[in-house]
$ cat my_file-v2.csv   # CSV, C-alpha atoms and all ligand atoms
chain,number,residue,atom,x,y,z
O,28,MET,CA,-14.0,-16.5,-7.1
O,29,ASN,CA,-14.4,-12.8,-7.1
O,30,LYS,CA,-15.2,-10.7,-10.1
O,31,GLN,CA,-11.6,-9.5,-10.8
O,32,ASN,CA,-11.3,-7.0,-13.6
O,33,ASN,CA,-8.5,-4.9,-14.9
O,34,LEU,CA,-5.8,-7.4,-13.9
O,35,ARG,CA,-2.3,-6.0,-14.5
O,36,GLN,CA,1.1,-7.6,-14.3
O,37,LEU,CA,3.0,-6.5,-11.2
O,38,GLY,CA,6.2,-5.2,-12.7
O,39,ASN,CA,8.7,-7.9,-13.7
O,40,SER,CA,6.8,-10.6,-11.8
O,41,ASP,CA,4.2,-13.0,-13.3
O,42,LEU,CA,1.7,-11.9,-10.7
O,43,MET,CA,-1.6,-10.6,-12.2
O,44,VAL,CA,-3.2,-8.2,-9.7
O,45,THR,CA,-5.8,-5.6,-9.6
O,46,PRO,CA,-4.7,-1.9,-9.7
O,47,ILE,CA,-6.0,-1.6,-6.1
O,48,GLY,CA,-4.9,-4.0,-3.4
O,49,LEU,CA,-5.8,-3.9,0.3
O,50,GLY,CA,-3.3,-2.5,2.8
O,51,THR,CA,-3.6,-4.2,6.2
O,52,TRP,CA,-1.4,-2.2,8.6
O,53,GLN,CA,-4.7,-1.4,10.2
O,54,PHE,CA,-5.0,-5.1,11.4
O,55,SER,CA,-2.0,-4.7,13.8
O,56,LYS,CA,-4.3,-4.7,16.9
O,57,ARG,CA,-2.0,-2.0,18.5
O,58,LYS,CA,0.5,-4.8,19.3
O,59,ASN,CA,3.8,-2.9,18.9
O,60,LEU,CA,4.9,0.7,18.2
O,61,ALA,CA,4.0,0.5,14.5
O,62,GLY,CA,0.7,-1.2,15.5
O,63,ARG,CA,-0.2,1.7,17.8
O,64,TYR,CA,-0.4,4.1,14.8
O,65,TRP,CA,-4.0,3.0,14.1
O,66,PRO,CA,-7.1,2.5,16.3
O,67,MET,CA,-8.0,-1.0,17.3
O,68,ILE,CA,-10.1,-3.0,14.7
O,69,SER,CA,-11.8,-6.2,15.9
O,70,ASP,CA,-11.3,-9.5,14.3
O,71,GLU,CA,-14.8,-9.5,13.0
O,72,GLU,CA,-14.4,-6.1,11.3
O,73,SER,CA,-11.0,-7.2,9.7
O,74,TYR,CA,-12.6,-10.4,8.3
O,75,SER,CA,-15.5,-8.4,6.9
O,76,ILE,CA,-13.0,-5.8,5.4
O,77,VAL,CA,-11.1,-8.6,3.6
O,78,GLU,CA,-14.3,-10.3,2.4
O,79,ALA,CA,-15.7,-7.0,1.1
O,80,ALA,CA,-12.5,-6.2,-0.7
O,81,TRP,CA,-12.4,-9.6,-2.3
O,82,GLN,CA,-16.1,-9.6,-3.2
O,83,ASN,CA,-15.7,-6.2,-4.9
O,84,GLY,CA,-12.8,-7.3,-7.1
O,85,ILE,CA,-9.6,-6.8,-5.1
O,86,ASN,CA,-7.3,-9.9,-5.4
O,87,TRP,CA,-4.3,-9.0,-3.4
O,88,PHE,CA,-3.3,-8.0,0.1
O,89,ASP,CA,-0.3,-6.2,1.6
O,90,THR,CA,1.0,-6.9,5.1
O,91,ALA,CA,4.3,-6.9,7.0
O,92,GLU,CA,6.1,-8.4,9.9
O,93,MET,CA,6.4,-4.9,11.4
O,94,TYR,CA,2.6,-4.5,11.6
O,95,GLY,CA,2.0,-5.6,15.2
O,96,ASN,CA,4.9,-8.0,15.0
O,97,GLY,CA,3.1,-10.5,12.8
O,98,GLU,CA,-0.4,-9.7,14.1
O,99,SER,CA,-1.5,-8.2,10.8
O,100,GLU,CA,-0.2,-11.3,8.9
O,101,ARG,CA,-2.1,-13.6,11.3
O,102,THR,CA,-5.3,-11.6,11.1
O,103,LEU,CA,-5.1,-11.5,7.3
O,104,ALA,CA,-4.6,-15.2,7.0
O,105,ARG,CA,-7.6,-15.9,9.3
O,106,ALA,CA,-9.7,-13.4,7.4
O,107,LEU,CA,-8.8,-15.1,4.1
O,108,GLN,CA,-9.7,-18.4,5.6
O,109,ALA,CA,-13.0,-17.1,7.0
O,110,GLY,CA,-13.9,-15.8,3.5
O,111,ASN,CA,-13.0,-19.1,1.9
O,112,ILE,CA,-10.5,-17.3,-0.2
O,113,GLU,CA,-8.1,-19.9,-1.6
O,114,ASP,CA,-4.4,-19.6,-1.6
O,115,SER,CA,-4.4,-20.2,-5.4
O,116,HIS,CA,-6.6,-17.2,-6.0
O,117,ALA,CA,-5.3,-14.6,-3.6
O,118,VAL,CA,-2.0,-12.8,-3.8
O,119,VAL,CA,-0.3,-12.0,-0.5
O,120,ALA,CA,2.6,-9.7,-0.2
O,121,THR,CA,4.5,-9.2,3.1
O,122,LYS,CA,7.7,-7.5,4.2
O,123,TRP,CA,10.9,-8.3,6.2
O,124,MET,CA,11.7,-5.9,9.0
O,125,PRO,CA,15.3,-4.7,8.3
O,126,ILE,CA,16.0,-2.3,11.2
O,127,PHE,CA,19.0,-3.4,13.4
O,128,ARG,CA,19.2,-6.6,11.5
O,129,THR,CA,21.7,-8.3,9.2
O,130,ALA,CA,20.7,-10.2,6.0
O,131,GLY,CA,20.9,-13.5,7.9
O,132,SER,CA,17.6,-12.6,9.5
O,133,ILE,CA,15.8,-12.8,6.1
O,134,LYS,CA,16.4,-16.5,6.1
O,135,LYS,CA,15.9,-16.9,9.8
O,136,THR,CA,12.5,-15.2,9.9
O,137,ILE,CA,10.9,-16.7,6.8
O,138,GLY,CA,9.6,-19.7,8.8
O,139,LYS,CA,7.8,-17.3,11.1
O,140,ARG,CA,6.3,-15.5,8.2
O,141,GLN,CA,5.1,-18.8,6.7
O,142,GLU,CA,3.6,-19.7,10.1
O,143,THR,CA,1.8,-16.4,10.6
O,144,LEU,CA,0.4,-16.5,7.1
O,145,ASP,CA,-0.8,-20.0,7.8
O,146,GLY,CA,-0.4,-21.7,4.4
O,147,TYR,CA,-0.9,-18.6,2.2
O,148,THR,CA,2.0,-18.4,-0.3
O,149,ILE,CA,4.3,-15.4,0.0
O,150,SER,CA,3.9,-14.2,-3.5
O,151,LEU,CA,5.9,-11.0,-2.9
O,152,HIS,CA,8.5,-10.6,-0.1
O,153,GLN,CA,9.7,-7.0,0.3
O,154,VAL,CA,12.5,-5.3,2.3
O,155,HIS,CA,10.4,-2.9,4.3
O,156,ASN,CA,13.0,0.0,4.2
O,157,PRO,CA,16.6,0.6,3.4
O,158,MET,CA,17.6,1.0,7.1
O,159,SER,CA,19.4,-2.3,7.6
O,160,PHE,CA,22.9,-3.2,8.9
O,161,ALA,CA,23.0,-5.4,5.8
O,162,SER,CA,24.2,-4.2,2.4
O,163,ILE,CA,21.7,-4.3,-0.4
O,164,ALA,CA,23.8,-7.0,-2.1
O,165,ALA,CA,23.5,-9.2,1.0
O,166,GLN,CA,19.8,-8.6,1.3
O,167,MET,CA,19.2,-9.4,-2.3
O,168,LYS,CA,21.4,-12.6,-2.1
O,169,ALA,CA,19.3,-13.8,0.9
O,170,MET,CA,16.0,-12.9,-0.9
O,171,ALA,CA,17.2,-14.7,-4.1
O,172,GLY,CA,18.0,-17.8,-1.9
O,173,LEU,CA,14.3,-17.8,-0.7
O,174,VAL,CA,13.1,-17.7,-4.3
O,175,LYS,CA,15.3,-20.6,-5.2
O,176,GLU,CA,14.1,-22.6,-2.2
O,177,GLY,CA,10.5,-21.9,-3.3
O,178,LYS,CA,9.7,-20.1,0.0
O,179,ILE,CA,8.7,-16.9,-1.7
O,180,ARG,CA,7.7,-16.2,-5.4
O,181,HIS,CA,9.0,-12.7,-6.0
O,182,VAL,CA,11.2,-10.0,-4.4
O,183,GLY,CA,10.3,-6.4,-3.8
O,184,VAL,CA,11.7,-3.4,-1.9
O,185,SER,CA,10.0,-0.5,-0.1
O,186,ASN,CA,11.1,3.1,0.6
O,187,PHE,CA,14.1,2.5,-1.6
O,188,SER,CA,15.5,5.6,-3.5
O,189,ALA,CA,16.1,5.4,-7.2
O,190,ALA,CA,19.8,4.5,-6.7
O,191,GLN,CA,19.0,1.9,-4.1
O,192,MET,CA,16.3,0.4,-6.3
O,193,ARG,CA,18.8,0.2,-9.3
O,194,LYS,CA,21.3,-1.5,-7.0
O,195,ALA,CA,18.8,-4.0,-5.8
O,196,SER,CA,17.7,-4.8,-9.4
O,197,ARG,CA,21.4,-5.3,-10.4
O,198,GLU,CA,22.1,-7.6,-7.5
O,199,LEU,CA,19.0,-9.8,-8.1
O,200,GLU,CA,19.9,-10.1,-11.7
O,201,LYS,CA,23.1,-11.9,-10.7
O,202,TYR,CA,20.8,-14.7,-9.6
O,203,GLY,CA,18.6,-14.5,-12.6
O,204,ILE,CA,15.8,-12.8,-10.7
O,205,ARG,CA,14.1,-9.5,-11.6
O,206,LEU,CA,13.0,-7.0,-9.0
O,207,ALA,CA,9.2,-6.9,-8.9
O,208,SER,CA,8.3,-3.7,-7.1
O,209,ASN,CA,9.2,-0.7,-4.9
O,210,GLN,CA,6.5,0.2,-2.4
O,211,VAL,CA,6.6,4.0,-1.7
O,212,HIS,CA,4.7,6.9,-0.3
O,213,TYR,CA,2.7,8.3,-3.2
O,214,ASN,CA,-0.6,10.2,-3.3
O,215,MET,CA,-2.0,13.5,-4.6
O,216,VAL,CA,-0.5,15.4,-1.7
O,217,ASN,CA,2.9,13.8,-2.0
O,218,ARG,CA,4.2,13.3,-5.5
O,219,LYS,CA,7.9,13.3,-4.7
O,220,ILE,CA,8.5,10.1,-6.6
O,221,GLU,CA,7.6,12.0,-9.8
O,222,TYR,CA,10.6,14.4,-9.2
O,223,ASN,CA,13.3,12.4,-7.4
O,224,GLY,CA,13.9,9.7,-10.1
O,225,ILE,CA,12.0,6.8,-8.4
O,226,LEU,CA,9.2,6.8,-10.9
O,227,GLU,CA,11.5,7.2,-13.8
O,228,ALA,CA,13.8,4.4,-12.7
O,229,ALA,CA,10.8,2.1,-12.0
O,230,ARG,CA,9.5,2.7,-15.5
O,231,GLU,CA,12.9,2.0,-17.1
O,232,LEU,CA,13.4,-1.2,-15.1
O,233,ASN,CA,9.7,-2.3,-15.4
O,234,VAL,CA,9.5,-2.3,-11.6
O,235,ALA,CA,6.0,-1.8,-10.2
O,236,ILE,CA,5.3,1.2,-7.9
O,237,ILE,CA,3.1,0.2,-5.1
O,238,ALA,CA,1.7,3.4,-3.7
O,239,TYR,CA,1.2,3.4,0.1
O,240,SER,CA,-0.9,5.9,2.0
O,241,PRO,CA,-2.7,6.6,-1.4
O,242,LEU,CA,-5.5,8.5,0.5
O,243,ALA,CA,-2.9,10.5,2.5
O,244,GLN,CA,-4.2,8.4,5.5
O,245,GLY,CA,-7.8,9.8,5.1
O,246,ILE,CA,-7.0,13.4,4.2
O,247,LEU,CA,-8.1,12.9,0.5
O,248,THR,CA,-11.5,11.6,1.6
O,249,GLY,CA,-12.4,15.1,2.8
O,250,LYS,CA,-14.0,13.8,6.0
O,251,TYR,CA,-11.5,15.5,8.3
O,252,HIS,CA,-12.0,18.8,6.4
O,253,ASP,CA,-15.7,18.5,7.2
O,254,ALA,CA,-15.2,17.4,10.8
O,255,PRO,CA,-11.7,18.3,12.0
O,256,GLU,CA,-12.6,17.5,15.6
O,257,SER,CA,-13.4,13.8,14.7
O,258,ILE,CA,-9.8,12.8,14.7
O,259,ARG,CA,-8.9,14.4,18.1
O,260,THR,CA,-10.5,11.7,20.2
O,261,GLN,CA,-9.2,8.8,18.0
O,262,GLN,CA,-6.6,6.3,19.2
O,263,GLY,CA,-3.4,6.4,17.3
O,264,PHE,CA,-0.6,8.8,16.2
O,265,ARG,CA,-2.1,10.1,13.0
O,266,LYS,CA,-3.7,13.1,14.7
O,267,ARG,CA,-0.3,14.5,15.8
O,268,PHE,CA,0.7,15.2,12.2
O,269,GLY,CA,0.4,18.8,10.8
O,270,SER,CA,-1.6,17.5,7.9
O,271,PHE,CA,-4.5,16.7,10.3
O,272,LYS,CA,-4.3,20.0,12.1
O,273,GLU,CA,-6.2,23.1,11.0
O,274,LYS,CA,-3.5,24.7,8.9
O,275,GLY,CA,-2.7,21.4,7.2
O,276,LEU,CA,-6.3,20.8,6.4
O,277,GLU,CA,-6.7,24.3,5.0
O,278,ARG,CA,-3.7,23.7,2.7
O,279,THR,CA,-5.3,20.6,1.2
O,280,ARG,CA,-8.9,21.9,1.1
O,281,PRO,CA,-8.7,23.2,-2.5
O,282,LEU,CA,-7.6,19.8,-3.8
O,283,VAL,CA,-10.4,18.1,-1.8
O,284,ASP,CA,-12.9,20.5,-3.3
O,285,LYS,CA,-11.7,19.7,-6.8
O,286,LEU,CA,-11.8,15.9,-6.1
O,287,ARG,CA,-15.4,16.4,-4.9
O,288,GLU,CA,-16.3,18.4,-8.0
O,289,VAL,CA,-15.0,15.7,-10.3
O,290,ALA,CA,-16.6,12.9,-8.1
O,291,GLU,CA,-20.0,14.5,-8.4
O,292,ASN,CA,-20.0,14.1,-12.2
O,293,HIS,CA,-19.3,10.4,-11.8
O,294,GLN,CA,-21.6,9.7,-8.8
O,295,ALA,CA,-18.4,8.8,-6.9
O,296,THR,CA,-16.5,10.0,-3.8
O,297,ALA,CA,-13.4,12.1,-3.5
O,298,ALA,CA,-11.5,9.0,-2.2
O,299,GLN,CA,-12.5,7.0,-5.2
O,300,VAL,CA,-11.4,9.7,-7.6
O,301,ALA,CA,-8.1,10.1,-5.8
O,302,LEU,CA,-7.4,6.3,-6.1
O,303,ASN,CA,-8.4,6.1,-9.7
O,304,TRP,CA,-6.3,9.1,-10.7
O,305,LEU,CA,-3.2,7.7,-9.0
O,306,THR,CA,-3.4,4.2,-10.6
O,307,ASN,CA,-4.2,5.4,-14.1
O,308,ARG,CA,-1.6,8.0,-14.9
O,309,HIS,CA,1.5,5.9,-15.7
O,310,ASP,CA,0.5,3.1,-18.1
O,311,GLY,CA,-0.1,0.6,-15.4
O,312,THR,CA,3.2,1.1,-13.5
O,313,VAL,CA,1.4,2.3,-10.3
O,314,PHE,CA,-0.7,0.2,-8.0
O,315,ALA,CA,-2.3,1.4,-4.8
O,316,ILE,CA,-3.0,-0.3,-1.5
O,317,PRO,CA,-5.5,1.8,0.6
O,318,GLY,CA,-6.1,0.6,4.1
O,319,ALA,CA,-9.6,0.5,5.5
O,320,SER,CA,-10.9,0.9,9.0
O,321,ASN,CA,-14.3,-0.5,8.2
O,322,THR,CA,-16.2,-2.6,5.6
O,323,GLN,CA,-17.8,0.3,3.8
O,324,GLN,CA,-14.4,1.9,3.1
O,325,ALA,CA,-13.1,-1.4,1.7
O,326,VAL,CA,-16.1,-1.6,-0.6
O,327,SER,CA,-15.8,1.9,-1.8
O,328,ASN,CA,-12.1,1.7,-2.4
O,329,ALA,CA,-12.5,-1.5,-4.4
O,330,GLN,CA,-15.3,0.1,-6.4
O,331,SER,CA,-13.0,3.0,-7.4
O,332,MET,CA,-11.6,0.6,-10.0
O,333,LYS,CA,-14.9,0.9,-12.0
O,334,LEU,CA,-14.5,4.7,-12.4
O,335,GLN,CA,-13.6,6.1,-15.8
O,336,LEU,CA,-12.2,9.5,-15.5
O,337,THR,CA,-11.9,11.6,-18.6
O,338,GLY,CA,-8.7,13.2,-19.9
O,339,GLU,CA,-10.1,16.5,-18.8
O,340,ASP,CA,-10.8,15.2,-15.2
O,341,MET,CA,-7.3,13.9,-15.0
O,342,GLU,CA,-5.8,17.2,-16.0
O,343,ILE,CA,-7.9,19.3,-13.7
O,344,LEU,CA,-6.8,17.1,-10.8
O,345,ASN,CA,-3.2,17.1,-12.0
O,346,GLN,CA,-3.3,20.9,-11.7
O,347,ALA,CA,-5.0,21.0,-8.3
O,348,SER,CA,-2.6,18.5,-6.9
O,349,ALA,CA,0.5,20.2,-8.5
O,350,GLU,CA,-0.3,23.3,-6.5
O,351,LEU,CA,0.5,21.3,-3.4
O,352,GLN,CA,3.9,20.2,-4.6
O,353,LYS,CA,5.4,23.7,-4.6
L,1,LIG,N1,5.9,0.3,3.1
L,1,LIG,C1,5.7,1.2,4.0
L,1,LIG,O1,6.6,1.8,4.6
L,1,LIG,C2,4.3,1.6,4.3
L,1,LIG,C3,4.0,2.8,5.0
L,1,LIG,C4,2.6,3.1,5.2
L,1,LIG,C5,1.6,2.2,4.8
L,1,LIG,N2,1.9,1.1,4.1
L,1,LIG,C6,0.9,0.1,3.6
L,1,LIG,O2,0.0,0.9,2.8
L,1,LIG,C7,-1.3,0.7,3.3
L,1,LIG,C8,-2.1,2.0,3.1
L,1,LIG,O3,-1.5,3.1,3.7
L,1,LIG,P1,-2.1,3.9,4.9
L,1,LIG,O4,-2.9,3.0,5.7
L,1,LIG,O5,-0.9,4.5,5.6
L,1,LIG,O6,-2.9,5.1,4.3
L,1,LIG,P2,-4.2,5.2,3.4
L,1,LIG,O7,-4.5,4.0,2.8
L,1,LIG,O8,-4.0,6.5,2.6
L,1,LIG,O9,-5.4,5.6,4.5
L,1,LIG,C9,-6.0,4.6,5.2
L,1,LIG,C10,-7.0,5.2,6.2
L,1,LIG,O10,-7.9,6.1,5.5
L,1,LIG,C11,-9.2,6.0,6.0
L,1,LIG,N3,-10.0,5.6,4.8
L,1,LIG,C12,-9.6,4.6,3.9
L,1,LIG,N4,-10.6,4.5,2.9
L,1,LIG,C13,-11.5,5.4,3.2
L,1,LIG,C14,-12.8,5.7,2.6
L,1,LIG,N5,-13.2,5.1,1.5
L,1,LIG,N6,-13.5,6.7,3.2
L,1,LIG,C15,-13.1,7.3,4.3
L,1,LIG,N7,-12.0,7.0,4.9
L,1,LIG,C16,-11.2,6.1,4.4
L,1,LIG,C17,-9.2,5.0,7.1
L,1,LIG,O11,-9.0,5.6,8.3
L,1,LIG,P3,-10.1,6.3,9.3
L,1,LIG,O12,-11.4,5.7,9.0
L,1,LIG,O13,-9.6,6.0,10.7
L,1,LIG,O14,-10.0,7.7,8.9
L,1,LIG,C18,-8.0,4.1,6.7
L,1,LIG,O15,-7.4,3.5,7.9
L,1,LIG,C19,-1.2,0.3,4.7
L,1,LIG,O16,-2.2,-0.5,5.2
L,1,LIG,C20,0.1,-0.6,4.6
L,1,LIG,O17,-0.3,-1.9,4.1
L,1,LIG,C21,3.3,0.8,3.8
$ encode --input "my_file-v2.csv" --output "structure tokens" --more "lines below"
Ligand SMILES: NC(=O)c1ccc[n+]([C@@H]2O[C@H](COP(=O)([O-])OP(=O)(O)OC[C@H]3O[C@@H](n4cnc5c(N)ncnc54)[C@H](OP(=O)(O)O)[C@@H]3O)[C@@H](O)[C@H]2O)c1
Amino acid sequence: MNKQNNLRQLGNSDLMVTPIGLGTWQFSKRKNLAGRYWPMISDEESYSIVEAAWQNGINWFDTAEMYGNGESERTLARALQAGNIEDSHAVVATKWMPIFRTAGSIKKTIGKRQETLDGYTISLHQVHNPMSFASIAAQMKAMAGLVKEGKIRHVGVSNFSAAQMRKASRELEKYGIRLASNQVHYNMVNRKIEYNGILEAARELNVAIIAYSPLAQGILTGKYHDAPESIRTQQGFRKRFGSFKEKGLERTRPLVDKLREVAENHQATAAQVALNWLTNRHDGTVFAIPGASNTQQAVSNAQSMKLQLTGEDMEILNQASAELQK
């Protein structure tokens, strides 16, 4: 058993999870279009990342059908087995891929999800995004059916707007089920959910916000500010985005400088401060799932849970990050 601390209830579910989980899109092995977003990570490295996350207190793992067409799920399951991490202790969340599909595929594909996860319970099944041929009502009916059949424990959504989230919540309630979570883009560079009603609706409905890309895909670590050329030769699509180019990096540099200033007072890193800030601002509503491309990153991200930022730190960072929202 790992040394879990700070367990929090994930929204309306009965899942007790750490504020930080491990994102595993990085385990896709470049198998499909989504998988080619990241450089290749070997099986050995993936196993070591999962083990390090677990040993340093993380008790849950986020994956998806879309990540390498099941490759991330398969790798995660093998990594959990290699680390002797039992199903009864780990919490696994996955996602149904909705694009060009009807709600019937939620039921049709669940067997495959169970097969790729090789015995690990699907504690949270999420609709990956709202871009489906199926209505939200039909999707939630299918998800509720899986809960009733005992194939999944809880239902979440991802990339849903406030209105879509409210609709999903209402539909699930018809079956006596509460919506557990909405997984959305949220980090110190992108705080849109604070202004577009998503965070407000989540708090009102007691739906957990699961923040994806909490490190802005590496930007908030500061390493690409120090060595901008290091991303150019990497595999993957990330380098094509403006935020990784010179102008984008200049825009975020003042925030990274502030993160480093605060980090120094706590013998921490900018990334650790960014994760801690994100997960401690909204009375436990926000969880974060940083991905890792190596073991050291997983250790460091997990250890961010030990940090105790002061009220003053939180406010200094709030101001620096608010500058980027204009
Ligand atoms: N629901 C959705 O639509 C959706 C969308 C995106 C992501 N997600 C989920 O959210 C998870 C996290 O998001 P993300 O992977 O997009 O972004 P992220 O967690 O912000 O960034 C991950 C990347 O940052 C770098 N990194 C992480 N920790 C570091 C550290 N301590 N020091 C230095 N570099 C570090 C690594 O890349 P390098 O080492 O290569 O720089 C790593 O691959 C994904 O794995 C996935 O599970 C969901």
$ residues_near_ligand --input "my_file-v2.csv" --ligand "ligand LIG 1 (chain L)" --cutoff "8 Å" --atoms "only C-alpha atoms and all ligand atoms" --output "VMD selection string"
chain O and resid 49 to 53 65 to 66 88 to 91 155 to 156 185 to 186 210 to 212 214 238 to 251 258 261 296 298 to 299 315 to 321 323 to 328
$ residues_around --input "my_file-v2.csv" --residues "region 279-285 of chain O" --least-positions-apart "3" --cutoff "12 Å" --atoms "only C-alpha atoms" --output "PDB file with C-alpha atoms, keeping the file's coordinate frame"
ATOM      1  CA  ASN O 214      -0.600  10.200  -3.300  1.00  0.00           C
ATOM      2  CA  MET O 215      -2.000  13.500  -4.600  1.00  0.00           C
ATOM      3  CA  VAL O 216      -0.500  15.400  -1.700  1.00  0.00           C
ATOM      4  CA  ASN O 217       2.900  13.800  -2.000  1.00  0.00           C
ATOM      5  CA  LEU O 242      -5.500   8.500   0.500  1.00  0.00           C
ATOM      6  CA  ALA O 243      -2.900  10.500   2.500  1.00  0.00           C
ATOM      7  CA  GLY O 245      -7.800   9.800   5.100  1.00  0.00           C
ATOM      8  CA  ILE O 246      -7.000  13.400   4.200  1.00  0.00           C
ATOM      9  CA  LEU O 247      -8.100  12.900   0.500  1.00  0.00           C
ATOM     10  CA  THR O 248     -11.500  11.600   1.600  1.00  0.00           C
ATOM     11  CA  GLY O 249     -12.400  15.100   2.800  1.00  0.00           C
ATOM     12  CA  LYS O 250     -14.000  13.800   6.000  1.00  0.00           C
ATOM     13  CA  TYR O 251     -11.500  15.500   8.300  1.00  0.00           C
ATOM     14  CA  HIS O 252     -12.000  18.800   6.400  1.00  0.00           C
ATOM     15  CA  ASP O 253     -15.700  18.500   7.200  1.00  0.00           C
ATOM     16  CA  PRO O 255     -11.700  18.300  12.000  1.00  0.00           C
ATOM     17  CA  GLY O 269       0.400  18.800  10.800  1.00  0.00           C
ATOM     18  CA  SER O 270      -1.600  17.500   7.900  1.00  0.00           C
ATOM     19  CA  PHE O 271      -4.500  16.700  10.300  1.00  0.00           C
ATOM     20  CA  LYS O 272      -4.300  20.000  12.100  1.00  0.00           C
ATOM     21  CA  GLU O 273      -6.200  23.100  11.000  1.00  0.00           C
ATOM     22  CA  LYS O 274      -3.500  24.700   8.900  1.00  0.00           C
ATOM     23  CA  GLY O 275      -2.700  21.400   7.200  1.00  0.00           C
ATOM     24  CA  LEU O 276      -6.300  20.800   6.400  1.00  0.00           C
ATOM     25  CA  GLU O 288     -16.300  18.400  -8.000  1.00  0.00           C
ATOM     26  CA  VAL O 289     -15.000  15.700 -10.300  1.00  0.00           C
ATOM     27  CA  ALA O 290     -16.600  12.900  -8.100  1.00  0.00           C
ATOM     28  CA  GLU O 291     -20.000  14.500  -8.400  1.00  0.00           C
ATOM     29  CA  ASN O 292     -20.000  14.100 -12.200  1.00  0.00           C
ATOM     30  CA  THR O 296     -16.500  10.000  -3.800  1.00  0.00           C
ATOM     31  CA  ALA O 297     -13.400  12.100  -3.500  1.00  0.00           C
ATOM     32  CA  ALA O 298     -11.500   9.000  -2.200  1.00  0.00           C
ATOM     33  CA  GLN O 299     -12.500   7.000  -5.200  1.00  0.00           C
ATOM     34  CA  VAL O 300     -11.400   9.700  -7.600  1.00  0.00           C
ATOM     35  CA  ALA O 301      -8.100  10.100  -5.800  1.00  0.00           C
ATOM     36  CA  ASP O 340     -10.800  15.200 -15.200  1.00  0.00           C
ATOM     37  CA  MET O 341      -7.300  13.900 -15.000  1.00  0.00           C
ATOM     38  CA  GLU O 342      -5.800  17.200 -16.000  1.00  0.00           C
ATOM     39  CA  ILE O 343      -7.900  19.300 -13.700  1.00  0.00           C
ATOM     40  CA  LEU O 344      -6.800  17.100 -10.800  1.00  0.00           C
ATOM     41  CA  ASN O 345      -3.200  17.100 -12.000  1.00  0.00           C
ATOM     42  CA  GLN O 346      -3.300  20.900 -11.700  1.00  0.00           C
ATOM     43  CA  ALA O 347      -5.000  21.000  -8.300  1.00  0.00           C
ATOM     44  CA  SER O 348      -2.600  18.500  -6.900  1.00  0.00           C
ATOM     45  CA  ALA O 349       0.500  20.200  -8.500  1.00  0.00           C
ATOM     46  CA  GLU O 350      -0.300  23.300  -6.500  1.00  0.00           C
ATOM     47  CA  LEU O 351       0.500  21.300  -3.400  1.00  0.00           C
ATOM     48  CA  GLN O 352       3.900  20.200  -4.600  1.00  0.00           C
TER      49      GLN O 352
END
$ closest_residue --input "my_file-v2.csv" --among "O:Glu100, O:Leu305, O:Arg140, O:Gly146" --to "Glu113 (chain O)" --atoms "all atoms listed in the file"
O:Gly146
$ closest_residue --input "my_file-v2.csv" --among "O:Ala80, O:Ala235, O:Val313, O:Val44" --to "Ser150 (chain O)" --atoms "only C-alpha atoms"
O:Val44
$ residues_around --input "my_file-v2.csv" --residues "Ala229 (chain O)" --least-positions-apart "2" --cutoff "10 Å" --atoms "all atoms listed in the file" --output "PyMOL selection string"
chain O and resi 38+189+192-193+206-209+220+224-227+231-236+312-313
$ residues_around --input "my_file-v2.csv" --residues "Gly172 (chain O)" --least-positions-apart "2" --cutoff "12 Å" --atoms "all atoms listed in the file" --output "PyMOL selection string"
chain O and resi 130-131+133-135+137+165-170+174-182+199+201-204
$ atom_distance --input "my_file-v2.csv" --atom1 "CA of Tyr222 (chain O)" --atom2 "CA of Ser159 (chain O)"
25.3 Å
$ atom_distance --input "my_file-v2.csv" --atom1 "CA of Ala329 (chain O)" --atom2 "CA of Gln36 (chain O)"
17.9 Å
$ closest_residue --input "my_file-v2.csv" --among "O:Asn86, O:Gln191, O:Gln141, O:Asn59" --to "Asn33 (chain O)" --atoms "all atoms listed in the file"
O:Asn86
$ closest_residue --input "my_file-v2.csv" --among "O:Phe127, O:Leu302, O:Arg259, O:Met67" --to "Tyr213 (chain O)" --atoms "all atoms listed in the file"
O:Leu302
$ atom_distance --input "my_file-v2.csv" --atom1 "CA of Ile237 (chain O)" --atom2 "CA of Lys139 (chain O)"
24.3 Å
$ closest_residue --input "my_file-v2.csv" --among "O:Leu107, O:Ala61, O:Val184, O:Leu144" --to "Lys122 (chain O)" --atoms "only C-alpha atoms"
O:Val184
